[in-house]
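K.L.:
The following file, run.pdb, comprises PDB, C-alpha atoms, pLDDT in the B column:
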ATOM      1  CA  SER M1296      18.256  -0.046  -4.397  1.00 42.00           C
ATOM      2  CA  LEU M1297      18.748   3.560  -3.411  1.00 43.00           C
ATOM      3  CA  ALA M1298      15.773   5.819  -4.073  1.00 47.00           C
ATOM      4  CA  ILE M1299      15.995   9.595  -4.246  1.00 46.00           C
ATOM      5  CA  VAL M1300      12.950  11.306  -2.780  1.00 52.00           C
ATOM      6  CA  ASP M1301      11.735  14.535  -4.362  1.00 54.00           C
ATOM      7  CA  ASN M1302      10.701  16.556  -1.325  1.00 62.00           C
ATOM      8  CA  SER M1303       9.544  19.473  -3.468  1.00 76.00           C
ATOM      9  CA  ALA M1304       6.254  17.813  -4.494  1.00 81.00           C
ATOM     10  CA  PRO M1305       3.397  18.320  -2.024  1.00 87.00           C
ATOM     11  CA  LEU M1306       2.427  14.997  -0.457  1.00 89.00           C
ATOM     12  CA  PHE M1307      -1.118  14.087   0.589  1.00 91.00           C
ATOM     13  CA  ASP M1308      -2.255  10.961   2.440  1.00 90.00           C
ATOM     14  CA  ILE M1309      -5.801  10.030   1.507  1.00 89.00           C
ATOM     15  CA  GLU M1310      -7.658   7.296   3.316  1.00 88.00           C
ATOM     16  CA  ALA M1311      -9.664   5.555   0.586  1.00 82.00           C
ATOM     17  CA  ALA M1312     -10.908   2.982   3.093  1.00 78.00           C
ATOM     18  CA  ALA M1313     -11.445   3.118   6.833  1.00 71.00           C
ATOM     19  CA  SER M1314     -11.785  -0.648   6.914  1.00 67.00           C
ATOM     20  CA  CYS M1315      -9.206  -3.381   6.635  1.00 56.00           C
ATOM     21  CA  ASN M1316      -8.954  -7.084   5.895  1.00 52.00           C
ATOM     22  CA  LEU M1317      -6.179  -7.722   8.484  1.00 49.00           C
ATOM     23  CA  SER M1318      -5.526  -7.118  12.193  1.00 56.00           C
ATOM     24  CA  CYS M1319      -1.989  -5.803  12.675  1.00 54.00           C
ATOM     25  CA  HIS M1320      -1.032  -5.715  16.362  1.00 55.00           C
ATOM     26  CA  PHE M1321       0.489  -2.225  16.028  1.00 58.00           C
ATOM     27  CA  CYS M1322      -2.473  -0.632  14.192  1.00 55.00           C
ATOM     28  CA  PRO M1323      -4.712   1.632  16.304  1.00 51.00           C
ATOM     29  CA  ARG M1324      -7.703   1.281  13.924  1.00 49.00           C
ATOM     30  CA  ASP M1325      -9.734  -0.879  16.315  1.00 57.00           C
ATOM     31  CA  ALA M1326      -9.412   1.720  19.071  1.00 57.00           C
ATOM     32  CA  LEU M1327     -11.084   4.368  16.901  1.00 59.00           C
ATOM     33  CA  THR M1328     -14.803   4.933  17.222  1.00 59.00           C
ATOM     34  CA  ARG M1329     -15.472   5.999  13.630  1.00 58.00           C
ATOM     35  CA  PRO M1330     -17.384   3.878  11.139  1.00 62.00           C
ATOM     36  CA  GLN M1331     -15.426   1.457   8.984  1.00 63.00           C
ATOM     37  CA  ARG M1332     -16.341   2.306   5.396  1.00 79.00           C
ATOM     38  CA  ILE M1333     -14.879   3.250   2.030  1.00 84.00           C
ATOM     39  CA  MET M1334     -14.530   6.697   0.469  1.00 90.00           C
ATOM     40  CA  THR M1335     -17.287   7.444  -2.009  1.00 94.00           C
ATOM     41  CA  PRO M1336     -16.719   9.028  -5.426  1.00 96.00           C
ATOM     42  CA  GLU M1337     -18.573  12.119  -4.167  1.00 96.00           C
ATOM     43  CA  THR M1338     -16.228  12.536  -1.211  1.00 94.00           C
ATOM     44  CA  PHE M1339     -13.222  11.936  -3.436  1.00 96.00           C
ATOM     45  CA  ALA M1340     -14.446  14.625  -5.867  1.00 95.00           C
ATOM     46  CA  ALA M1341     -14.578  17.122  -2.985  1.00 94.00           C
ATOM     47  CA  VAL M1342     -11.046  16.206  -1.848  1.00 93.00           C
ATOM     48  CA  GLU M1343      -9.694  16.102  -5.394  1.00 93.00           C
ATOM     49  CA  ARG M1344     -10.529  19.782  -5.983  1.00 92.00           C
ATOM     50  CA  PHE M1345      -7.948  20.787  -3.364  1.00 91.00           C
ATOM     51  CA  LEU M1346      -5.051  18.789  -4.817  1.00 94.00           C
ATOM     52  CA  PRO M1347      -2.537  20.831  -6.821  1.00 94.00           C
ATOM     53  CA  ALA M1348      -1.000  19.558 -10.048  1.00 91.00           C
ATOM     54  CA  GLY M1349       2.401  18.034  -9.373  1.00 93.00           C
ATOM     55  CA  ALA M1350       1.330  16.670  -5.997  1.00 94.00           C
ATOM     56  CA  VAL M1351       1.748  13.079  -4.837  1.00 95.00           C
ATOM     57  CA  VAL M1352      -1.216  11.245  -3.312  1.00 94.00           C
ATOM     58  CA  MET M1353      -0.612   8.245  -1.106  1.00 94.00           C
ATOM     59  CA  PHE M1354      -3.752   6.137  -0.738  1.00 93.00           C
ATOM     60  CA  ALA M1355      -3.002   4.912   2.765  1.00 86.00           C
ATOM     61  CA  GLY M1356      -4.353   5.553   6.239  1.00 72.00           C
ATOM     62  CA  LEU M1357      -5.684   3.115   8.798  1.00 74.00           C
ATOM     63  CA  GLY M1358      -7.542   1.048   6.253  1.00 81.00           C
ATOM     64  CA  GLU M1359      -6.684  -1.127   3.264  1.00 86.00           C
ATOM     65  CA  PRO M1360      -7.097   1.009   0.107  1.00 92.00           C
ATOM     66  CA  LEU M1361      -7.661  -2.044  -2.107  1.00 92.00           C
ATOM     67  CA  THR M1362     -10.972  -2.705  -0.317  1.00 90.00           C
ATOM     68  CA  ASN M1363     -12.299   0.370  -2.154  1.00 93.00           C
ATOM     69  CA  HIS M1364     -13.533  -0.749  -5.581  1.00 94.00           C
ATOM     70  CA  HIS M1365     -13.517   2.908  -6.754  1.00 96.00           C
ATOM     71  CA  LEU M1366      -9.721   3.111  -6.439  1.00 96.00           C
ATOM     72  CA  PRO M1367      -8.888   2.689 -10.162  1.00 97.00           C
ATOM     73  CA  ASP M1368     -11.262   5.554 -10.969  1.00 97.00           C
ATOM     74  CA  PHE M1369      -9.644   7.726  -8.277  1.00 97.00           C
ATOM     75  CA  VAL M1370      -6.195   6.943  -9.736  1.00 97.00           C
ATOM     76  CA  ALA M1371      -7.313   7.789 -13.290  1.00 98.00           C
ATOM     77  CA  ARG M1372      -8.833  11.081 -12.134  1.00 97.00           C
ATOM     78  CA  LEU M1373      -5.596  12.048 -10.378  1.00 97.00           C
ATOM     79  CA  LYS M1374      -3.476  11.186 -13.415  1.00 96.00           C
ATOM     80  CA  ARG M1375      -5.667  13.398 -15.635  1.00 95.00           C
ATOM     81  CA  ARG M1376      -4.974  16.287 -13.237  1.00 94.00           C
ATOM     82  CA  GLY M1377      -1.205  15.742 -13.164  1.00 95.00           C
ATOM     83  CA  VAL M1378      -1.174  14.246  -9.667  1.00 96.00           C
ATOM     84  CA  SER M1379       1.015  11.186  -8.973  1.00 96.00           C
ATOM     85  CA  PRO M1380      -0.962   8.348  -7.319  1.00 97.00           C
ATOM     86  CA  CYS M1381       0.496   5.698  -5.007  1.00 96.00           C
ATOM     87  CA  VAL M1382      -1.198   2.841  -3.142  1.00 95.00           C
ATOM     88  CA  ILE M1383       0.108   1.609   0.205  1.00 91.00           C
ATOM     89  CA  THR M1384      -1.301  -1.859   0.816  1.00 91.00           C
ATOM     90  CA  ASN M1385      -0.883  -4.911   3.008  1.00 85.00           C
ATOM     91  CA  GLY M1386      -0.689  -6.907  -0.231  1.00 88.00           C
ATOM     92  CA  MET M1387      -3.338  -9.484   0.548  1.00 86.00           C
ATOM     93  CA  LEU M1388      -5.824  -8.153  -2.023  1.00 89.00           C
ATOM     94  CA  ILE M1389      -3.309  -7.797  -4.841  1.00 91.00           C
ATOM     95  CA  ASN M1390      -4.396  -9.952  -7.752  1.00 93.00           C
ATOM     96  CA  ARG M1391      -4.213  -9.826 -11.547  1.00 95.00           C
ATOM     97  CA  PRO M1392      -7.463  -7.890 -12.126  1.00 96.00           C
ATOM     98  CA  ARG M1393      -6.707  -5.299  -9.421  1.00 94.00           C
ATOM     99  CA  ILE M1394      -3.137  -4.789 -10.615  1.00 94.00           C
ATOM    100  CA  ALA M1395      -4.259  -4.500 -14.241  1.00 96.00           C
ATOM    101  CA  ALA M1396      -7.016  -2.014 -13.375  1.00 97.00           C
ATOM    102  CA  LEU M1397      -4.628   0.194 -11.384  1.00 97.00           C
ATOM    103  CA  ILE M1398      -1.908  -0.010 -14.058  1.00 97.00           C
ATOM    104  CA  ASP M1399      -4.445   0.882 -16.764  1.00 97.00           C
ATOM    105  CA  ALA M1400      -5.603   3.808 -14.604  1.00 98.00           C
ATOM    106  CA  GLY M1401      -2.015   5.091 -14.385  1.00 97.00           C
ATOM    107  CA  ILE M1402      -0.776   4.150 -10.910  1.00 97.00           C
ATOM    108  CA  ASP M1403       2.770   5.433 -10.370  1.00 97.00           C
ATOM    109  CA  GLN M1404       3.738   3.409  -7.313  1.00 96.00           C
ATOM    110  CA  PHE M1405       2.765   0.459  -5.156  1.00 95.00           C
ATOM    111  CA  GLN M1406       4.052   0.191  -1.607  1.00 95.00           C
ATOM    112  CA  VAL M1407       3.451  -3.132   0.119  1.00 94.00           C
ATOM    113  CA  SER M1408       3.905  -3.661   3.852  1.00 90.00           C
ATOM    114  CA  VAL M1409       6.004  -6.783   4.435  1.00 92.00           C
ATOM    115  CA  HIS M1410       7.085  -7.229   8.049  1.00 88.00           C
ATOM    116  CA  ALA M1411       8.553 -10.729   7.816  1.00 87.00           C
ATOM    117  CA  VAL M1412       8.917 -13.721   5.545  1.00 92.00           C
ATOM    118  CA  ASP M1413       8.928 -16.355   8.273  1.00 90.00           C
ATOM    119  CA  ARG M1414       5.321 -17.411   8.904  1.00 87.00           C
ATOM    120  CA  ALA M1415       5.581 -17.679  12.690  1.00 89.00           C
ATOM    121  CA  THR M1416       7.224 -14.276  13.031  1.00 87.00           C
ATOM    122  CA  PHE M1417       4.720 -12.589  10.697  1.00 82.00           C
ATOM    123  CA  HIS M1418       1.829 -14.168  12.638  1.00 77.00           C
ATOM    124  CA  THR M1419       3.052 -12.539  15.872  1.00 83.00           C
ATOM    125  CA  LEU M1420       2.574  -9.170  14.132  1.00 80.00           C
ATOM    126  CA  VAL M1421      -0.450  -9.931  11.956  1.00 74.00           C
ATOM    127  CA  PRO M1422      -2.263 -13.043  13.225  1.00 77.00           C
ATOM    128  CA  ASP M1423      -4.551 -13.355  10.190  1.00 76.00           C
ATOM    129  CA  ILE M1424      -1.884 -12.923   7.476  1.00 79.00           C
ATOM    130  CA  ASP M1425      -1.459 -15.630   4.839  1.00 86.00           C
ATOM    131  CA  VAL M1426       2.268 -15.293   4.163  1.00 88.00           C
ATOM    132  CA  ASP M1427       2.287 -17.725   1.235  1.00 92.00           C
ATOM    133  CA  ARG M1428      -0.510 -15.800  -0.457  1.00 91.00           C
ATOM    134  CA  LEU M1429       1.239 -12.485   0.182  1.00 93.00           C
ATOM    135  CA  VAL M1430       4.473 -13.732  -1.394  1.00 94.00           C
ATOM    136  CA  ALA M1431       2.525 -15.155  -4.360  1.00 95.00           C
ATOM    137  CA  ASN M1432       0.772 -11.791  -4.779  1.00 96.00           C
ATOM    138  CA  LEU M1433       4.151 -10.027  -4.779  1.00 96.00           C
ATOM    139  CA  HIS M1434       5.383 -12.355  -7.522  1.00 97.00           C
ATOM    140  CA  THR M1435       2.253 -11.563  -9.543  1.00 96.00           C
ATOM    141  CA  LEU M1436       2.921  -7.843  -9.096  1.00 96.00           C
ATOM    142  CA  ALA M1437       6.530  -8.319 -10.228  1.00 97.00           C
ATOM    143  CA  GLU M1438       5.369 -10.282 -13.272  1.00 96.00           C
ATOM    144  CA  LEU M1439       2.791  -7.678 -14.355  1.00 96.00           C
ATOM    145  CA  ARG M1440       4.819  -4.588 -13.503  1.00 96.00           C
ATOM    146  CA  PRO M1441       5.422  -2.398 -16.546  1.00 96.00           C
ATOM    147  CA  PRO M1442       8.666  -0.436 -16.929  1.00 94.00           C
ATOM    148  CA  GLY M1443       8.599   2.711 -14.837  1.00 94.00           C
ATOM    149  CA  LEU M1444       6.155   1.466 -12.210  1.00 96.00           C
ATOM    150  CA  ARG M1445       7.850   1.776  -8.842  1.00 96.00           C
ATOM    151  CA  VAL M1446       7.199  -0.968  -6.296  1.00 97.00           C
ATOM    152  CA  ARG M1447       8.528  -0.688  -2.769  1.00 96.00           C
ATOM    153  CA  LEU M1448       8.287  -3.072   0.161  1.00 95.00           C
ATOM    154  CA  ASN M1449       7.882  -1.307   3.496  1.00 92.00           C
ATOM    155  CA  PHE M1450       9.429  -3.083   6.474  1.00 93.00           C
ATOM    156  CA  VAL M1451       8.531  -1.871   9.974  1.00 88.00           C
ATOM    157  CA  ALA M1452      11.288  -3.073  12.316  1.00 89.00           C
ATOM    158  CA  GLY M1453      10.317  -3.890  15.862  1.00 88.00           C
ATOM    159  CA  ALA M1454      11.287  -6.202  18.689  1.00 87.00           C
ATOM    160  CA  LYS M1455       9.253  -9.112  17.282  1.00 87.00           C
ATOM    161  CA  ASN M1456      10.703  -9.076  13.745  1.00 90.00           C
ATOM    162  CA  SER M1457      14.174  -7.531  13.948  1.00 85.00           C
ATOM    163  CA  GLY M1458      15.810 -10.705  12.641  1.00 92.00           C
ATOM    164  CA  GLU M1459      13.609 -10.761   9.511  1.00 94.00           C
ATOM    165  CA  LEU M1460      15.256  -7.872   7.672  1.00 94.00           C
ATOM    166  CA  PRO M1461      17.784 -10.088   5.788  1.00 95.00           C
ATOM    167  CA  ALA M1462      15.001 -12.359   4.483  1.00 95.00           C
ATOM    168  CA  VAL M1463      12.847  -9.395   3.439  1.00 95.00           C
ATOM    169  CA  THR M1464      15.884  -7.805   1.771  1.00 96.00           C
ATOM    170  CA  ALA M1465      16.497 -11.038  -0.164  1.00 97.00           C
ATOM    171  CA  LEU M1466      12.849 -11.050  -1.295  1.00 97.00           C
ATOM    172  CA  VAL M1467      13.179  -7.430  -2.438  1.00 97.00           C
ATOM    173  CA  ARG M1468      16.260  -8.307  -4.492  1.00 97.00           C
ATOM    174  CA  GLU M1469      14.574 -11.384  -5.993  1.00 97.00           C
ATOM    175  CA  LEU M1470      11.559  -9.326  -7.099  1.00 97.00           C
ATOM    176  CA  GLY M1471      13.504  -6.253  -8.246  1.00 97.00           C
ATOM    177  CA  PHE M1472      11.629  -3.929  -5.894  1.00 97.00           C
ATOM    178  CA  ASP M1473      12.827  -1.112  -3.612  1.00 97.00           C
ATOM    179  CA  LEU M1474      12.962  -1.395   0.181  1.00 96.00           C
ATOM    180  CA  PHE M1475      12.049   1.115   2.854  1.00 94.00           C
ATOM    181  CA  VAL M1476      12.836   0.341   6.494  1.00 92.00           C
ATOM    182  CA  ARG M1477      11.553   2.266   9.489  1.00 86.00           C
ATOM    183  CA  ALA M1478      11.249   1.629  13.204  1.00 85.00           C
ATOM    184  CA  GLU M1479       7.926   0.617  14.709  1.00 76.00           C
ATOM    185  CA  HIS M1480       6.114   3.576  16.216  1.00 66.00           C
ATOM    186  CA  ASN M1481       3.213   3.915  18.598  1.00 57.00           C
TER
END
Starting from the coordinates I provided, produce the structure as structure tokens.

P.N.:
Amino acid sequence: SLAIVDNSAPLFDIEAAASCNLSCHFCPRDALTRPQRIMTPETFAAVERFLPAGAVVMFAGLGEPLTNHHLPDFVARLKRRGVSPCVITNGMLINRPRIAALIDAGIDQFQVSVHAVDRATFHTLVPDIDVDRLVANLHTLAELRPPGLRVRLNFVAGAKNSGELPAVTALVRELGFDLFVRAEHN
């Protein structure tokens, strides 16, 4: 489906976790020399003070936000301040309790990175991905999604997965999600 982006809202990327449960070949996280940890509630409180009402916060970065067990609290705190929260995830940690906790907290959007549907192709990009589990998690998200919750699959097109876009598009249609496609970057 076609999504209209409101560019008037200030957008902030917040890295809720500097650690990840997967090893994507295009991710520079392993080349960084910083510690791999999660954002604490104290650090979030300091960041939160700078966020204006009406802003959009994307919990993203070089880590997997769902590894941070404080995330539902962060989402609820943003919603109380009139800030729209979104989680960008690799989808492997999506499960019923996590989805329910984030929905109850007021999450406005999930974005899930899906770079292929074919197992062999996906494994060239993310060797430790469990494609069957990812697809099952997406179906769970579709099942639990309340009206108004936006879910978007993010497809990063590169040389290794260029032929996968039709299959990912079919999955998006089956689940009733949105699709965002961009070219792989360095």

K.L.:
Enter the distance from atom CA of M:Asn1456 to atom CA of M:Thr1362, in Å, rounded to one decimal.

P.N.:
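So the two atoms, atom CA of M:Asn1456 and atom CA of M:Thr1362, lie 26.6 Å apart.
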
K.L.:
Would you kindly translate the PyMOL selection byres ((chain M and resi 1340) around 12) into the concrete residues it picks from this file, as a list in words?

P.N.:
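Those residues are Met1334, Thr1335, Pro1336, Glu1337, Thr1338, Phe1339, Ala1341, Val1342, Glu1343, Arg1344, Phe1345, Leu1346, His1365, Asp1368, Phe1369, Val1370, Arg1372 and Leu1373 of chain M.
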
K.L.:
Skip M:Val1407 itself and residues of its chain fewer than 4 positions away, then list as a list in words all residues within 9 Å of it, counting all atoms listed in the file.

P.N.:
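The residues that qualify are Val1382, Ile1383, Thr1384, Asn1385, Gly1386, Leu1433, Val1446, Arg1447, Leu1448, Asn1449 and Phe1450 of chain M.
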
K.L.:
One decimal, Å: what's the distance from atom CA of M:Thr1464 over to atom CA of M:Ala1437, could you say?

P.N.:
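Answer for the atom CA of M:Thr1464 to atom CA of M:Ala1437 separation: 15.2 Å.
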
K.L.:
I'd like the residues picked by the PyMOL selection byres ((chain M and resi 1470) around 8) written out as a PDB file with C-alpha atoms, keeping the file's coordinate frame, using the chain letters and numbers from the file.

P.N.:
ATOM      1  CA  LEU M1433       4.151 -10.027  -4.779  1.00 96.00           C
ATOM      2  CA  HIS M1434       5.383 -12.355  -7.522  1.00 97.00           C
ATOM      3  CA  ALA M1437       6.530  -8.319 -10.228  1.00 97.00           C
ATOM      4  CA  LEU M1466      12.849 -11.050  -1.295  1.00 97.00           C
ATOM      5  CA  VAL M1467      13.179  -7.430  -2.438  1.00 97.00           C
ATOM      6  CA  ARG M1468      16.260  -8.307  -4.492  1.00 97.00           C
ATOM      7  CA  GLU M1469      14.574 -11.384  -5.993  1.00 97.00           C
ATOM      8  CA  GLY M1471      13.504  -6.253  -8.246  1.00 97.00           C
ATOM      9  CA  PHE M1472      11.629  -3.929  -5.894  1.00 97.00           C
TER      10      PHE M1472
END

K.L.:
Taking all atoms listed in the file into account, which of M:Leu1429, M:Ile1333, M:Val1378, M:Leu1357 comes nearest M:Ala1312?

P.N.:
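Closest to M:Ala1312, using all atoms listed in the file: M:Ile1333.
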
K.L.:
Got a sec: who's within 10 Å of M:Asp1308, counting all atoms listed in the file, leaving out chain neighbours fewer than 4 positions off, as a list in words?

P.N.:
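Counting all atoms listed in the file, the residues come to Val1351, Val1352, Met1353, Phe1354, Ala1355, Gly1356, Cys1381, Val1382 and Ile1383 of chain M.
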
K.L.:
Tell me, as a VMD selection string, which residues lie within 9 Å of M:Asp1425, counting all atoms listed in the file; anything in the same chain fewer than 4 positions away does not count.

P.N.:
chain M and resid 1387 1414 1418 1429 to 1430
